[in-house]
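What follows is the content of upload.cif, which has mmCIF, C-alpha atoms and all ligand atoms:
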data_my_file
loop_
_atom_site.label_atom_id
_atom_site.label_comp_id
_atom_site.auth_asym_id
_atom_site.auth_seq_id
_atom_site.Cartn_x
_atom_site.Cartn_y
_atom_site.Cartn_z
CA MET A 177 126.91 62.53 87.66
CA ALA A 178 129.21 59.51 87.41
CA GLU A 179 132.08 59.03 89.81
CA VAL A 180 134.23 57.38 87.11
CA VAL A 181 133.70 57.13 83.33
CA ILE A 182 135.87 54.60 81.49
CA VAL A 183 136.30 55.28 77.77
CA GLY A 184 136.77 51.94 75.98
CA GLY A 185 135.54 48.43 76.72
CA GLY A 186 138.57 46.35 75.78
CA VAL A 187 140.22 44.09 78.30
CA VAL A 188 141.91 47.04 80.03
CA GLY A 189 138.78 49.16 80.46
CA VAL A 190 136.73 46.19 81.62
CA SER A 191 139.43 45.19 84.10
CA ILE A 192 139.56 48.70 85.59
CA ALA A 193 135.76 48.69 85.87
CA TYR A 194 135.75 45.30 87.59
CA HIS A 195 138.54 46.23 90.02
CA LEU A 196 136.98 49.60 90.88
CA ALA A 197 133.71 47.89 91.72
CA SER A 198 135.40 45.09 93.66
CA LEU A 199 137.15 47.74 95.77
CA GLY A 200 133.79 49.29 96.57
CA ALA A 201 133.56 52.15 94.04
CA ARG A 202 130.03 53.24 93.09
CA ASP A 203 128.71 55.10 90.04
CA VAL A 204 131.19 53.61 87.57
CA VAL A 205 130.17 53.82 83.90
CA LEU A 206 132.01 52.15 81.02
CA LEU A 207 131.36 53.40 77.47
CA GLU A 208 132.31 51.24 74.46
CA ARG A 209 131.61 52.49 70.95
CA GLU A 210 131.30 49.03 69.35
CA PRO A 211 128.28 46.76 69.89
CA VAL A 212 130.42 44.09 71.59
CA LEU A 213 132.95 44.49 74.41
CA GLY A 214 136.52 43.58 73.55
CA SER A 215 136.12 43.89 69.80
CA GLY A 216 139.17 46.14 69.40
CA SER A 217 142.76 44.92 69.81
CA THR A 218 141.64 42.55 72.55
CA SER A 219 139.69 40.30 70.17
CA ARG A 220 142.65 40.15 67.78
CA SER A 221 145.24 39.21 70.39
CA ALA A 222 147.18 35.95 70.40
CA GLY A 223 146.36 35.67 74.10
CA GLY A 224 149.99 35.16 75.10
CA ILE A 225 150.95 35.43 78.78
CA ARG A 226 154.55 35.47 79.98
CA LEU A 227 156.62 36.32 83.00
CA GLN A 228 159.66 36.82 80.79
CA PHE A 229 160.01 40.61 80.51
CA GLY A 230 163.01 42.91 80.70
CA THR A 231 161.92 45.30 83.47
CA ALA A 232 160.92 44.49 87.04
CA ALA A 233 157.70 46.53 86.64
CA ASN A 234 156.60 44.42 83.65
CA VAL A 235 157.53 41.15 85.39
CA ARG A 236 155.49 42.17 88.45
CA LEU A 237 152.51 43.15 86.30
CA SER A 238 152.75 39.70 84.69
CA GLN A 239 153.07 37.86 88.00
CA TRP A 240 150.05 39.59 89.52
CA SER A 241 148.03 39.00 86.35
CA LEU A 242 149.00 35.34 86.05
CA ASP A 243 147.81 34.76 89.63
CA PHE A 244 144.55 36.47 88.69
CA PHE A 245 144.10 34.23 85.62
CA LYS A 246 144.80 31.15 87.77
CA ARG A 247 142.17 32.22 90.34
CA MET A 248 139.63 33.49 87.85
CA ARG A 249 137.48 30.38 87.73
CA GLU A 250 137.26 30.23 91.53
CA ASP A 251 136.98 33.98 92.20
CA LEU A 252 134.88 35.13 89.25
CA GLY A 253 133.19 31.90 88.17
CA ALA A 254 134.64 32.26 84.66
CA ASP A 255 137.12 29.98 82.94
CA PRO A 256 139.81 32.12 81.23
CA GLY A 257 141.04 29.16 79.15
CA LEU A 258 144.52 29.40 80.67
CA ARG A 259 147.04 26.94 79.18
CA GLN A 260 150.49 27.06 80.78
CA VAL A 261 152.48 25.50 77.98
CA GLY A 262 155.51 27.74 78.54
CA TYR A 263 157.30 30.31 76.39
CA LEU A 264 160.50 29.28 74.60
CA MET A 265 162.52 32.32 73.48
CA LEU A 266 165.15 31.48 70.85
CA VAL A 267 168.09 33.80 70.20
CA ALA A 268 170.87 33.73 67.60
CA ASP A 269 172.13 37.31 67.93
CA ALA A 270 174.91 37.61 70.55
CA ARG A 271 173.80 41.04 71.81
CA HIS A 272 170.21 39.86 72.20
CA TRP A 273 171.49 36.81 74.08
CA SER A 274 173.35 38.94 76.59
CA ASP A 275 170.14 41.00 77.07
CA LEU A 276 168.16 37.84 77.73
CA LEU A 277 170.75 36.48 80.18
CA ALA A 278 170.50 39.75 82.14
CA ASN A 279 166.71 39.38 82.06
CA VAL A 280 166.99 35.82 83.38
CA ARG A 281 169.01 37.02 86.39
CA MET A 282 166.48 39.76 87.17
CA GLN A 283 163.50 37.44 86.61
CA ARG A 284 164.95 34.72 88.86
CA ASP A 285 165.53 37.33 91.60
CA LEU A 286 161.79 38.04 91.37
CA GLY A 287 160.94 34.33 91.71
CA VAL A 288 160.31 33.49 88.05
CA PRO A 289 161.20 29.83 87.32
CA VAL A 290 162.93 30.68 84.04
CA GLN A 291 165.71 28.52 82.63
CA ALA A 292 168.58 29.44 80.26
CA LEU A 293 169.16 26.65 77.72
CA THR A 294 172.13 25.84 75.50
CA PRO A 295 171.53 25.13 71.80
CA GLY A 296 172.13 21.43 72.56
CA GLU A 297 169.47 21.45 75.28
CA VAL A 298 167.04 23.17 72.90
CA ALA A 299 167.66 20.53 70.21
CA ALA A 300 167.13 17.71 72.72
CA ARG A 301 163.96 19.09 74.35
CA PHE A 302 162.36 20.72 71.30
CA PRO A 303 163.55 18.67 68.30
CA TYR A 304 161.33 20.59 65.86
CA VAL A 305 163.46 23.75 66.41
CA ASP A 306 166.43 24.40 64.11
CA ALA A 307 168.98 25.14 66.86
CA ALA A 308 172.11 25.05 64.67
CA ASP A 309 172.99 28.79 64.83
CA LEU A 310 171.39 29.63 68.18
CA ALA A 311 173.30 31.45 70.90
CA GLY A 312 170.84 30.05 73.44
CA ALA A 313 167.23 30.12 74.60
CA THR A 314 165.15 30.84 77.66
CA PHE A 315 162.17 28.78 78.79
CA CYS A 316 159.60 29.48 81.49
CA PRO A 317 157.04 26.70 82.08
CA GLU A 318 154.61 29.05 83.89
CA ASP A 319 154.02 31.09 80.71
CA GLY A 320 151.32 30.26 78.16
CA TYR A 321 148.15 31.78 76.81
CA ALA A 322 144.47 32.30 77.59
CA ASP A 323 141.24 33.29 75.86
CA PRO A 324 140.80 37.10 75.66
CA HIS A 325 137.06 36.86 74.94
CA ALA A 326 136.45 34.67 78.01
CA VAL A 327 138.49 37.01 80.19
CA VAL A 328 136.62 40.13 79.03
CA GLN A 329 133.20 38.54 79.39
CA GLY A 330 134.04 37.01 82.79
CA MET A 331 135.23 40.34 84.22
CA ALA A 332 132.34 42.30 82.62
CA ARG A 333 129.74 39.95 84.10
CA GLN A 334 131.15 40.45 87.60
CA ALA A 335 131.52 44.20 87.08
CA ARG A 336 127.82 44.44 86.15
CA ARG A 337 126.85 42.35 89.18
CA LEU A 338 128.81 44.76 91.36
CA GLY A 339 126.90 47.71 89.91
CA VAL A 340 129.01 48.98 87.00
CA VAL A 341 126.92 50.38 84.15
CA ILE A 342 128.33 49.09 80.85
CA ARG A 343 127.02 50.72 77.69
CA THR A 344 127.97 49.41 74.26
CA GLY A 345 127.32 51.28 71.02
CA ALA A 346 128.21 54.39 73.06
CA GLU A 347 130.97 56.41 71.43
CA VAL A 348 132.64 59.19 73.39
CA THR A 349 132.84 62.17 71.04
CA GLY A 350 134.40 64.72 73.38
CA LEU A 351 135.85 65.26 76.84
CA ARG A 352 134.72 68.13 79.08
CA VAL A 353 137.17 70.24 81.03
CA ALA A 354 136.05 72.82 83.61
CA GLY A 355 137.98 74.76 86.20
CA GLY A 356 141.25 73.17 85.12
CA ARG A 357 140.08 69.59 85.73
CA ILE A 358 138.18 66.89 83.86
CA ALA A 359 134.43 67.34 84.11
CA GLY A 360 132.86 64.59 81.99
CA VAL A 361 132.31 63.21 78.50
CA ASP A 362 130.13 63.93 75.47
CA THR A 363 128.33 61.12 73.67
CA ALA A 364 125.73 61.00 70.90
CA ASP A 365 123.15 60.65 73.69
CA GLY A 366 124.33 63.78 75.46
CA GLN A 367 126.72 64.82 78.20
CA LEU A 368 127.75 62.66 81.13
CA PRO A 369 129.39 64.66 83.93
CA ALA A 370 132.09 62.74 85.83
CA ARG A 371 134.67 63.33 88.55
CA VAL A 372 137.16 60.95 86.90
CA VAL A 373 137.61 59.89 83.26
CA VAL A 374 139.93 57.05 82.25
CA ASN A 375 141.35 56.76 78.72
CA CYS A 376 141.21 53.03 77.83
CA ALA A 377 140.83 53.54 74.09
CA GLY A 378 143.63 51.18 73.01
CA PRO A 379 144.98 52.21 69.58
CA SER A 380 142.70 55.30 69.70
CA ALA A 381 144.30 56.54 72.93
CA GLY A 382 145.91 59.49 71.14
CA THR A 383 142.56 60.57 69.66
CA VAL A 384 140.81 60.41 73.04
CA GLY A 385 143.69 62.26 74.73
CA ARG A 386 143.44 65.08 72.18
CA MET A 387 139.76 65.52 73.11
CA ALA A 388 141.06 66.95 76.41
CA GLY A 389 144.13 68.65 74.92
CA VAL A 390 146.43 65.95 76.33
CA ASP A 391 149.19 64.40 74.20
CA VAL A 392 149.08 60.61 74.74
CA PRO A 393 151.92 59.41 72.48
CA VAL A 394 150.46 56.07 71.39
CA LEU A 395 150.39 55.02 67.74
CA PRO A 396 148.57 52.13 66.04
CA TYR A 397 150.61 49.51 64.14
CA ARG A 398 149.12 46.64 62.15
CA ARG A 399 150.01 43.11 63.28
CA GLN A 400 148.87 39.96 61.48
CA VAL A 401 147.97 36.52 62.78
CA TYR A 402 147.65 33.28 60.79
CA VAL A 403 145.89 30.09 61.91
CA THR A 404 146.50 26.70 60.34
CA ALA A 405 144.42 23.57 59.76
CA PRO A 406 145.05 20.72 62.24
CA TYR A 407 148.68 19.67 61.89
CA PRO A 408 149.88 16.51 63.65
CA GLY A 409 153.57 17.11 62.87
CA LEU A 410 154.03 19.36 65.91
CA PRO A 411 152.95 18.61 69.49
CA GLY A 412 149.60 20.18 70.45
CA ASP A 413 151.05 21.27 73.80
CA MET A 414 154.13 22.88 72.28
CA PRO A 415 155.19 26.10 74.03
CA MET A 416 154.77 29.52 72.56
CA VAL A 417 157.96 29.47 70.46
CA ILE A 418 159.40 32.95 69.95
CA ASP A 419 162.12 33.78 67.46
CA TYR A 420 163.35 36.71 69.52
CA ASP A 421 165.64 38.16 66.85
CA THR A 422 162.74 38.62 64.40
CA ALA A 423 159.83 39.11 66.86
CA SER A 424 157.89 36.20 65.34
CA TYR A 425 156.08 33.35 67.06
CA VAL A 426 154.05 30.13 66.82
CA ARG A 427 151.93 28.23 69.32
CA GLY A 428 149.32 25.48 69.31
CA ASP A 429 145.70 26.47 68.68
CA GLY A 430 143.20 23.64 69.01
CA GLY A 431 144.65 20.98 66.73
CA GLY A 432 146.29 23.60 64.52
CA LEU A 433 148.79 26.40 65.05
CA LEU A 434 148.71 30.17 65.42
CA MET A 435 151.58 32.24 64.00
CA GLY A 436 152.51 35.89 63.84
CA ALA A 437 155.37 38.22 62.99
CA SER A 438 156.10 41.94 63.13
CA ASP A 439 157.32 43.89 60.11
CA PRO A 440 159.54 46.61 61.60
CA ALA A 441 159.37 48.58 58.34
CA GLU A 442 155.58 48.93 58.29
CA PRO A 443 154.53 52.49 59.19
CA SER A 444 151.90 53.36 61.77
CA SER A 445 148.32 53.13 60.46
CA PHE A 446 144.82 51.99 61.39
CA ARG A 447 144.95 49.32 58.60
CA MET A 448 143.36 46.04 59.65
CA ASP A 449 143.44 44.06 56.38
CA PRO A 450 145.49 40.86 56.41
CA ASP A 451 147.62 40.31 53.30
CA ASP A 452 150.06 37.88 51.69
CA ALA A 453 153.05 40.01 52.68
CA GLY A 454 152.49 38.71 56.19
CA VAL A 455 152.86 35.11 54.98
CA LEU A 456 156.12 35.97 53.20
CA LEU A 457 157.32 37.53 56.45
CA LEU A 458 156.56 34.30 58.32
CA GLY A 459 158.62 32.45 55.69
CA ARG A 460 161.63 34.63 56.54
CA THR A 461 161.18 34.46 60.32
CA ILE A 462 159.49 31.80 62.47
CA MET A 463 159.30 29.24 59.63
CA ARG A 464 163.12 29.24 59.47
CA ARG A 465 163.30 28.41 63.17
CA VAL A 466 160.59 25.73 62.98
CA PRO A 467 161.09 24.29 59.48
CA LEU A 468 158.09 21.91 59.71
CA LEU A 469 155.89 25.02 59.44
CA ALA A 470 156.54 24.90 55.70
CA GLU A 471 154.08 21.95 55.64
CA VAL A 472 151.10 23.65 57.29
CA GLN A 473 147.93 24.85 55.59
CA ILE A 474 146.92 28.39 56.55
CA VAL A 475 143.13 28.54 56.77
CA ARG A 476 142.43 31.82 58.51
CA SER A 477 144.08 35.15 59.13
CA TRP A 478 143.31 38.49 60.67
CA ALA A 479 145.04 41.74 61.46
CA GLY A 480 144.75 43.92 64.53
CA LEU A 481 146.46 46.94 66.00
CA TYR A 482 149.29 47.14 68.49
CA GLU A 483 149.03 50.36 70.53
CA VAL A 484 152.66 51.38 70.73
CA SER A 485 154.20 53.99 73.04
CA PRO A 486 157.59 55.62 72.24
CA ASP A 487 159.46 53.24 74.59
CA GLU A 488 157.16 50.22 74.07
CA ASN A 489 156.05 50.32 77.71
CA PRO A 490 152.61 51.00 79.15
CA VAL A 491 151.57 54.53 80.07
CA LEU A 492 149.69 54.39 83.37
CA GLY A 493 148.20 56.74 85.93
CA PRO A 494 146.99 60.29 86.44
CA VAL A 495 147.66 63.05 83.90
CA PRO A 496 149.48 65.68 85.98
CA GLN A 497 148.25 68.72 84.05
CA LEU A 498 144.58 67.63 84.12
CA PRO A 499 143.35 66.42 87.51
CA GLY A 500 140.73 63.67 87.25
CA PHE A 501 142.01 62.37 83.89
CA PHE A 502 143.80 58.99 83.94
CA VAL A 503 145.46 56.95 81.18
CA ALA A 504 145.90 53.19 80.78
CA ASN A 505 147.42 53.01 77.32
CA GLY A 506 150.44 52.09 75.19
CA PHE A 507 150.68 48.40 76.04
CA SER A 508 152.70 47.84 72.85
CA GLY A 509 151.45 44.32 72.24
CA HIS A 510 151.23 43.10 75.86
CA GLY A 511 148.00 44.58 77.14
CA PHE A 512 146.01 41.38 77.37
CA GLN A 513 148.38 39.69 79.79
CA HIS A 514 148.87 42.83 81.89
CA ALA A 515 145.21 43.86 82.03
CA PRO A 516 144.33 42.23 85.39
CA ALA A 517 147.16 43.95 87.28
CA VAL A 518 146.70 47.21 85.40
CA GLY A 519 143.01 47.17 86.31
CA ARG A 520 143.84 46.71 89.96
CA VAL A 521 146.56 49.36 90.07
CA LEU A 522 144.51 51.96 88.18
CA ALA A 523 141.52 51.31 90.45
CA GLU A 524 143.75 51.82 93.49
CA MET A 525 145.20 55.05 92.07
CA ILE A 526 141.73 56.42 91.26
CA LEU A 527 140.48 55.58 94.76
CA GLY A 528 143.57 57.04 96.42
CA LEU A 529 144.75 53.67 97.76
CA PRO A 530 148.40 52.56 97.75
CA PRO A 531 149.05 50.66 94.49
CA SER A 532 149.66 46.88 94.76
CA ILE A 533 152.52 47.23 92.24
CA ASP A 534 154.87 50.17 91.89
CA VAL A 535 154.26 51.52 88.38
CA GLY A 536 155.60 54.99 89.10
CA THR A 537 158.18 54.71 86.30
CA LEU A 538 155.37 54.10 83.77
CA ASP A 539 153.82 57.55 84.11
CA LEU A 540 152.90 59.77 81.16
CA ALA A 541 155.30 62.54 82.25
CA ARG A 542 158.34 60.32 81.51
CA PHE A 543 158.19 61.27 77.83
CA ARG A 544 158.11 65.01 78.60
CA ASP A 545 160.87 64.61 81.22
CA GLY A 546 163.14 62.40 79.08
CA ARG A 547 162.85 59.28 81.29
CA PRO A 548 162.06 56.55 78.76
CA ILE A 549 162.35 52.94 79.93
CA ARG A 550 164.10 50.22 77.97
CA GLU A 551 162.07 47.02 77.57
CA ASN A 552 164.25 44.64 75.58
CA ALA A 553 161.65 41.87 75.50
CA ALA A 554 158.89 43.64 73.54
CA ILE A 555 157.70 41.24 70.83
C1 LIG A 601 147.74 40.56 66.42
C2 LIG A 601 147.86 40.90 67.87
C3 LIG A 601 148.39 39.97 68.76
C4 LIG A 601 148.51 40.28 70.11
N1 LIG A 601 148.99 39.33 70.96
C5 LIG A 601 149.05 39.61 72.28
C6 LIG A 601 149.51 38.62 73.19
O1 LIG A 601 149.86 37.51 72.80
N2 LIG A 601 149.53 38.93 74.52
C7 LIG A 601 149.16 40.17 74.98
O2 LIG A 601 149.23 40.40 76.19
N3 LIG A 601 148.72 41.13 74.13
C8 LIG A 601 148.67 40.87 72.81
N4 LIG A 601 148.24 41.84 71.94
C9 LIG A 601 147.99 43.19 72.47
C10 LIG A 601 146.65 43.27 73.15
O3 LIG A 601 145.65 42.78 72.30
C11 LIG A 601 146.37 44.72 73.52
O4 LIG A 601 147.49 45.27 74.19
C12 LIG A 601 145.16 44.83 74.42
O5 LIG A 601 144.06 44.17 73.86
C13 LIG A 601 144.83 46.28 74.68
O6 LIG A 601 143.58 46.32 75.33
P1 LIG A 601 142.82 47.69 75.43
O7 LIG A 601 141.59 47.43 76.22
O8 LIG A 601 143.76 48.74 75.88
O9 LIG A 601 142.49 48.06 73.90
P2 LIG A 601 141.30 47.56 72.95
O10 LIG A 601 141.03 46.13 73.10
O11 LIG A 601 141.61 48.06 71.58
O12 LIG A 601 140.08 48.32 73.53
C14 LIG A 601 139.90 49.71 73.33
C15 LIG A 601 138.42 49.94 73.12
O13 LIG A 601 138.15 51.32 73.11
C16 LIG A 601 137.08 51.52 72.24
N5 LIG A 601 137.08 52.96 71.90
C17 LIG A 601 138.03 53.64 71.22
N6 LIG A 601 137.66 54.92 71.11
C18 LIG A 601 136.47 55.05 71.75
C19 LIG A 601 135.58 56.14 71.95
N7 LIG A 601 135.84 57.37 71.48
N8 LIG A 601 134.44 55.93 72.64
C20 LIG A 601 134.13 54.69 73.13
N9 LIG A 601 134.94 53.62 72.92
C21 LIG A 601 136.09 53.80 72.25
C22 LIG A 601 137.39 50.61 71.08
O14 LIG A 601 136.23 50.33 70.31
C23 LIG A 601 137.94 49.38 71.80
O15 LIG A 601 136.97 48.39 72.04
C24 LIG A 601 148.09 41.56 70.59
C25 LIG A 601 147.54 42.49 69.70
C26 LIG A 601 147.42 42.18 68.36
C27 LIG A 601 146.82 43.19 67.43
#
Before we go any further, please render this structure as structure tokens.
Ligand SMILES: Cc1cc2nc3c(=O)[nH]c(=O)nc-3n(C[C@H](O)[C@H](O)[C@H](O)COP(=O)(O)OP(=O)(O)OC[C@H]3O[C@@H](n4cnc5c(N)ncnc54)[C@H](O)[C@@H]3O)c2cc1C
Amino acid sequence: MAEVVIVGGGVVGVSIAYHLASLGARDVVLLEREPVLGSGSTSRSAGGIRLQFGTAANVRLSQWSLDFFKRMREDLGADPGLRQVGYLMLVADARHWSDLLANVRMQRDLGVPVQALTPGEVAARFPYVDAADLAGATFCPEDGYADPHAVVQGMARQARRLGVVIRTGAEVTGLRVAGGRIAGVDTADGQLPARVVVNCAGPSAGTVGRMAGVDVPVLPYRRQVYVTAPYPGLPGDMPMVIDYDTASYVRGDGGGLLMGASDPAEPSSFRMDPDDAGVLLLGRTIMRRVPLLAEVQIVRSWAGLYEVSPDENPVLGPVPQLPGFFVANGFSGHGFQHAPAVGRVLAEMILGLPPSIDVGTLDLARFRDGRPIRENAAI
């Protein structure tokens, strides 16, 4: 009998496992269907980390997680590859600009050192940006990116040391319910009874929820990433530059660059094949904002899945109608950066401790009860 079974060994599942063990939980088992931890959405992430969100809950999740990344080398003996190059969010649309100015006020109240910049200031500080039609921009120097693989492996190593059993190549094929509460999981190797089961299945969250008759409204959407050959025309320590109006971005990556964009017209699917349509999309989005990108040579690309909830906010906590079943899903493209705090908060909820961050508004029941949350800075 396990105390807690975690379904899914991406960054979120591994973080919950690590935090449970670090808070003293015993008999924690993590089951990952792939041979390698973190080979789902986590391995395909751009690794971006920012404090610039539109709700206080998301800002607090980011702040807690950023502190964790900063301490990771000292506390866990693992270098997360954190690079605080900043996030520069560029906006031309007037309505978007008023959203971002409201975000800046809220973020500054929470202690985020974010700045609002005029188009002239953008042109002076970041001369590679075409600032001609901008309404303005926001910049936070604390933001940046880290290495998802290093974070997963660093947390998994510590989790194992603290007694967590991590099994890869172990697909959960069913969830067991008995007496109106969760009772365990089925795998190809047999049943594993458990007092608590946590759904950390990323884009497959809906599938795992259905195994227990629970509707977890999370859908997969393909997102593509393109990496360039070394390009000296842009500074290697350039910030993550976001074209907010088109949800596209570019940042440094070694000597080259890493770019991505979202096609709002692409329907939900489990497709993970990169294609040329993604390059055309970059041409219409981030390449217009950073015209030098027309000179780069794209050498590598991949696609991965965003795990999107109906309001593009995470879905966290216990499932009211099924005691013992917890969800940590629907990160809508931000799960890497929020994983440390989510791991801590879910571990606290499972152990009946007061949560370090109030995530009460991010519960599953909000969709049933008509309490969606607006996050205007989902990229
Ligand atoms: C192109 C791209 C760019 C991104 N950029 C960023 C970014 O810059 N910053 C950021 O914060 N986030 C980013 N994200 C989002 C981020 O990657 C995800 O939110 C995060 O990785 C989610 O982690 P997870 O552990 O929930 O899911 P996953 O990493 O997908 O892990 C879920 C795991 O569950 C396993 N699983 C599923 N079903 C079962 C089963 N039945 N039994 C056992 N195991 C199962 C899967 O194999 C998988 O390993 C990006 C995502 C993509 C695709």
Set out as a tab-separated table a contact list for chain A and ligand LIG 601 (chain A) with a cut-off of 6 Å, giving each residue of chain A that qualifies its closest atom pair and distance in Å to one decimal, counting only C-alpha atoms and all ligand atoms, ordered by chain and rising residue number.
residue	atom	partner	partner_atom	distance
A:Val183	CA	A:LIG601	C20	5.2
A:Gly184	CA	A:LIG601	O13	3.2
A:Gly185	CA	A:LIG601	C15	4.9
A:Gly186	CA	A:LIG601	O7	3.2
A:Val187	CA	A:LIG601	O7	4.2
A:Val188	CA	A:LIG601	O7	3.8
A:Gly189	CA	A:LIG601	O7	5.4
A:Leu207	CA	A:LIG601	C20	5.3
A:Glu208	CA	A:LIG601	N9	3.9
A:Arg209	CA	A:LIG601	C20	4.0
A:Glu210	CA	A:LIG601	O14	5.2
A:Gly214	CA	A:LIG601	O15	5.1
A:Ser215	CA	A:LIG601	O15	5.1
A:Gly216	CA	A:LIG601	O11	3.8
A:Ser217	CA	A:LIG601	O11	3.8
A:Thr218	CA	A:LIG601	O5	3.2
A:Arg220	CA	A:LIG601	C27	5.2
A:Ser221	CA	A:LIG601	C4	3.5
A:Ala222	CA	A:LIG601	N1	3.9
A:Gly223	CA	A:LIG601	O1	4.2
A:Gly224	CA	A:LIG601	O1	3.3
A:Ile225	CA	A:LIG601	N2	5.7
A:Ala346	CA	A:LIG601	C20	5.9
A:Glu347	CA	A:LIG601	N8	3.7
A:Val348	CA	A:LIG601	N8	3.8
A:Thr349	CA	A:LIG601	N7	5.7
A:Cys376	CA	A:LIG601	O8	5.4
A:Ala377	CA	A:LIG601	O13	3.6
A:Gly378	CA	A:LIG601	O9	3.4
A:Pro379	CA	A:LIG601	O11	5.7
A:Ser380	CA	A:LIG601	C17	5.2
A:Arg399	CA	A:LIG601	C1	4.6
A:Gln400	CA	A:LIG601	C1	5.1
A:Val401	CA	A:LIG601	C1	5.4
A:Ala479	CA	A:LIG601	C1	5.8
A:Gly480	CA	A:LIG601	C27	3.6
A:Leu481	CA	A:LIG601	C27	4.0
A:Tyr482	CA	A:LIG601	C27	4.8
A:Asn505	CA	A:LIG601	O8	5.8
A:Phe507	CA	A:LIG601	O4	4.8
A:Ser508	CA	A:LIG601	O4	6.0
A:Gly509	CA	A:LIG601	C9	3.6
A:His510	CA	A:LIG601	O2	3.4
A:Gly511	CA	A:LIG601	O4	3.1
A:Phe512	CA	A:LIG601	O2	3.6
A:Gln513	CA	A:LIG601	O2	3.8
So that I can see what lies close to His272 (chain A), please list as a short mmCIF file (atom, residue, chain, number, x, y, z; two decimals) with C-alpha atoms, keeping the file's coordinate frame the residues with an atom at most 9 Å from it, counting all atoms listed in the file and leaving out residues fewer than 6 positions away in the same chain.
data_model
loop_
_atom_site.label_atom_id
_atom_site.label_comp_id
_atom_site.auth_asym_id
_atom_site.auth_seq_id
_atom_site.Cartn_x
_atom_site.Cartn_y
_atom_site.Cartn_z
CA TYR A 420 163.35 36.71 69.52
CA ASP A 421 165.64 38.16 66.85
CA ASN A 552 164.25 44.64 75.58
#
Residues near region 320-324 of chain A, cut-off 6 Å, all atoms listed in the file, skip fewer than 5 positions along chain, as a list in words: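 The contact residues come out as Gly223, Gly224, Ile225, Pro256, Gly257, Leu258, Arg259, Gln260, Val261 and Gly262 of chain A.
Reported to one decimal place, the separation of CA of Met448 (chain A) from CA of Pro490 (chain A) is 22.1 Å.
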Polymer residues at most 9 Å from Gly253 (chain A), only C-alpha atoms, same-chain spacing of 3 or more positions, as a ChimeraX atom specification: /A:248-250,330,334
Emit the selected residues as a tab-separated table (two decimals), keeping the file's coordinate frame, including C-alpha atoms.
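Output below, filename again38.tsv:
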chain	number	residue	atom	x	y	z
A	248	MET	CA	139.63	33.49	87.85
A	249	ARG	CA	137.48	30.38	87.73
A	250	GLU	CA	137.26	30.23	91.53
A	330	GLY	CA	134.04	37.01	82.79
A	334	GLN	CA	131.15	40.45	87.60
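Counting from CA of Gly430 (chain A), the distance to CA of Val305 (chain A) is 20.4 Å.
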Sphere at (139.2, 48.4, 85.2), radius 12 Å, counting only C-alpha atoms: residues as a count of residues only: 51
Interatomic distance, CA of Met282 (chain A) to CA of Val267 (chain A) (Å, one decimal):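 Separation of CA of Met282 (chain A) and CA of Val267 (chain A): 18.1 Å.
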Counting all atoms listed in the file, the option among A:Leu527, A:Ala292, A:Asp319, A:Met416 closest to Val280 (chain A):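 Comparing A:Leu527, A:Ala292, A:Asp319, A:Met416 against Val280 (chain A), the winner is A:Ala292.
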Region 459-474 of chain A surroundings by only C-alpha atoms, 12 Å radius, close-in-sequence under 5 positions cut, as a PyMOL selection string: chain A and resi 264-268+298-299+302-310+401-411+414+416-428+431-439+452-454
Nearest residue to Val535 (chain A) from the set A:Met177, A:Leu293, A:Leu498, A:Leu492 (distances using all atoms listed in the file): A:Leu492
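All polymer residues at most 8 Å from (127.5, 63.4, 85.8), using all atoms listed in the file, appear as Met177, Ala178, Glu179, Gly360, Gln367, Leu368, Pro369, Ala370 and Arg371 of chain A.
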Nearest to Gln329 (chain A) by atom-to-atom distance, counting all atoms listed in the file, from A:Asn234, A:Ser219, A:Thr294, A:Asn279: A:Ser219
Residue with smallest distance to Phe245 (chain A) - pool A:Val475, A:Ala326, A:Ala300, A:Val455, counting only C-alpha atoms: A:Ala326
Since fewer atoms than expected are present, regenerate N, CA and C atoms for region 191-197 of chain A and write them as a PDB file, keeping the file's coordinate frame.
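New file selection.pdb:
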ATOM      1  N   SER A 191     138.718  45.567  82.884  1.00  0.00           N
ATOM      2  CA  SER A 191     139.430  45.190  84.100  1.00  0.00           C
ATOM      3  C   SER A 191     139.415  46.334  85.124  1.00  0.00           C
ATOM      4  N   ILE A 192     139.614  47.562  84.658  1.00  0.00           N
ATOM      5  CA  ILE A 192     139.560  48.700  85.590  1.00  0.00           C
ATOM      6  C   ILE A 192     138.164  48.797  86.200  1.00  0.00           C
ATOM      7  N   ALA A 193     137.141  48.619  85.362  1.00  0.00           N
ATOM      8  CA  ALA A 193     135.760  48.690  85.870  1.00  0.00           C
ATOM      9  C   ALA A 193     135.533  47.623  86.935  1.00  0.00           C
ATOM     10  N   TYR A 194     135.955  46.403  86.633  1.00  0.00           N
ATOM     11  CA  TYR A 194     135.750  45.300  87.590  1.00  0.00           C
ATOM     12  C   TYR A 194     136.499  45.592  88.905  1.00  0.00           C
ATOM     13  N   HIS A 195     137.754  46.016  88.796  1.00  0.00           N
ATOM     14  CA  HIS A 195     138.540  46.230  90.020  1.00  0.00           C
ATOM     15  C   HIS A 195     138.030  47.423  90.822  1.00  0.00           C
ATOM     16  N   LEU A 196     137.575  48.480  90.139  1.00  0.00           N
ATOM     17  CA  LEU A 196     136.980  49.600  90.880  1.00  0.00           C
ATOM     18  C   LEU A 196     135.792  49.111  91.698  1.00  0.00           C
ATOM     19  N   ALA A 197     134.917  48.356  91.026  1.00  0.00           N
ATOM     20  CA  ALA A 197     133.710  47.890  91.720  1.00  0.00           C
ATOM     21  C   ALA A 197     134.059  46.928  92.844  1.00  0.00           C
TER      22      ALA A 197
END
